[in-house]
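Taking it in order: structure first as structure tokens, then the write-up.
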Amino acid sequence: MSEETQEQIGFRLWAVSDPGLYAIITADDEHITYGELFAEVNRICHGLRARGVNEGDTVAVVMRNSAAMVAAYLAAMQSGIYLVTINYHLTTPEIAYILEDSEAKIVLCSERVEDTVLAAVRPGVEVFVDGEAAHARPMAELTDGMPATDPERTPHGSLMMYTSGTTGRPKGVKRPLSGISADKGALTYVWLFNEFGMSREAFAAWLVSAPMYHSANITPAIGALNWGGTLVLMDGWTPEGFLRRVQEHRVTGTSMVPTHFNRLLRLPAEVRDGCDVSSLRYVLHGAAPCSVEVKKQIMDWFGPVVYEYYGSTEVGTTIARPQEWLDHPGTVGRPASISTLKILDRDGNEVPVGGTGIVYMRQGGDRVEYHNDPDKTDGSRRGDLMTVWDVGHVDEDGFLYITGRAAELILVGGVNVYPAEIESALLGHEWISDAGVVGLPDPDYGEIPAAHIVLSDIAPDASTAVVAIREHLAGRLAGPKLPKKYFVHTSLPRDPNGKLYKARLADTEEVFA
């Protein structure tokens with residue numbers, strides 16, 4: 001392949017120049033070429049337009065990791081529409097709220113959630129099912145008879161992601177449509193390649209192991225297709241399944257979350273040693289805090305191929321490349337070239353280097369808004385910067401460290417305590433496989449930190465373990481930060497991307513005061 005071809009960026013261009021190249025290997029190991037995928041993308045575009053979906057309108061997808069999910073995304077990106085990707089684990093009322101708030105005109109879903117979506121959708125909105133449709137319309141009804149060729153116009157669309165809603169109703173993060181063409185829009189992925197120092201080799205086999213309804217997973221996946229790569233899909237994550245896909249398909253890159261790291265590291269040593277992960281070149285991770293010890297162990301296993309990022313749908317991005325992280329353990333990186341970062345106090349003043357404050361960022365010239373919630377938009381802004389209320393500091397080299405969330409701040413006798421620091425210390429103990437810290441009311445101190453933990457397989461009984469864990473933390477944390485209560489769980493409530501639902505943490509019978 002010529003040097004000129006290697007620099008080609010854009011799924012549509014690859015579909016024309018190399019239609020026989022494999023674009024997707026599904027979870028069932030079906031191989032789909034670029035030409036086949038492009039034809040389906042175009043049929044979806046024509047089908048949506050025939051049903052009255054125009055530029056600026058919204059379509060929602062409630063789908064598992066599948067070829068149809070990828071095709072729906074690509075179709076939206078060349079139709080000038082907003083695509084809302086909805087977590088298929090949500091309940092009927094939660095999905096109903098997002099569909100109503102986003103004003104979705106059509107919903108595409110997987111067959112496993114057909115009944116939930118039908119119960120959630122408002123009257124007059126059509127639902128199309130990828131798979132065997134019991135009560136809704138099959139996807140074939142949307143695409144049959146539609147041209148496999150380009151629509152007359154192919155304006156670039158946009159994702160409208162909904163926040164997780166852990167502190168209230170989720171809100172759609174909406175950016176103005178750019179008005180540029182789909183082919184030019186594909187070039188926006190070049191920043192991803194450049195910031196992580198990627199070559200096309202990174203996408204030779206890109207494993208999509210976590211749900212694509214999350215932007216952290218769908219963004220690099222589509223980036224791979226825009227650089228002529230092959231997506232290897234998983235539908236349901238297990239540590240054994242992940243390692244099997246990596247070895248069988250010589251996976252070169254993937255996106256992960258710390259929960260994945262923890263589960264991989266709990267595998268027996270003989271299982272880990274028996275799997276070949278030498279093909280990995282880029283492992284991107286973010287979405288949740290990762291303890292220093294866990295990341296060191298993964299780096300020892302995978303090699304210096306782990307790239308950490310921090311950011312959200314609303315704000316910009318920081319990146320910690322492998323050597324940068326090794327030189328600054330615990331950092332989430334420095335701002336990407338298109339991002340601006342400032343640490344501000346409650347009054348909006350920038351704090352000195354090393355000082356703790358609220359993290360404000362901006363990505364390029366973006367000015368995002370929360371759909372249908374101007375008050376939340378205005379409350380999250382300081383000038384042209386925006387925050388998701390994370391707390392942190394920047395060192396003298398410009399590296400950012402996240403120490404907690406403003407909303408999770410625990411005031412212990414007037415002392416500010418951030419759960420993330422305690423959680424990191426807890427996860428540094430080999431007997432703890434997961435941890436979350438929340439504040440509890442206390443008559444003397446106002447609040448005290450309480451630790452919710454999951455013990456690993458090698459831990460002794462809970463009573464013995466908690467005594468040792470207390471001693472472990474006593475030499476690492478100041479008195480106000482030491483958990484005063486421990487709650488032992490079999491698992492903690494996390495979403496598939498590792499976000500911990502702290503509001504759902506409940507006391508168990510085994511409480512150690």
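Ligands are numbered from 1 in the order shown, chains are lettered A, B, ... in the order of the structure tokens, and residues start at 1 in each chain.
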Practice task
List the neighbours of segment 381-395 of chain A out to 7 Å using only C-alpha atoms; skip same-chain residues closer than 6 positions along the sequence, and give me the result as a ChimeraX atom specification.
Solution key: /A:315,343,348,353-362,401-406
Practice task
Would you kindly return, as a VMD selection string, each protein, DNA or RNA residue with an atom no farther than 9 Å from any atom of segment 317-328 of chain A, considering only C-alpha atoms and excluding same-chain residues fewer than 4 positions away?
Solution key: chain A and resid 195 to 196 296 299 304 to 312 332 to 341 361 to 363 399 to 400
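Distances from A:Ser291, A:Glu447, A:Ala474, A:Pro329 to Gly428 of chain A were compared using only C-alpha atoms, and the smallest one belongs to A:Ser291.
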Practice task
Select, from A:Asn54, A:His214, A:Leu280, A:Val62, the residue with the minimum atom-to-atom distance to Asp115 of chain A, counting only C-alpha atoms.
Solution key: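 Using only C-alpha atoms, the shortest distance to Asp115 of chain A belongs to A:Val62.
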Exercise for the section: Could you tell me, as a PyMOL selection string, which residues of segment 43-229 of chain A DSSP assigns to strand (DSSP E or B) when given the backbone? Expected result: chain A and resi 58-62+82-85+106-110+126-130+137-138+155+158-159+161-162+172-174+181+206-208
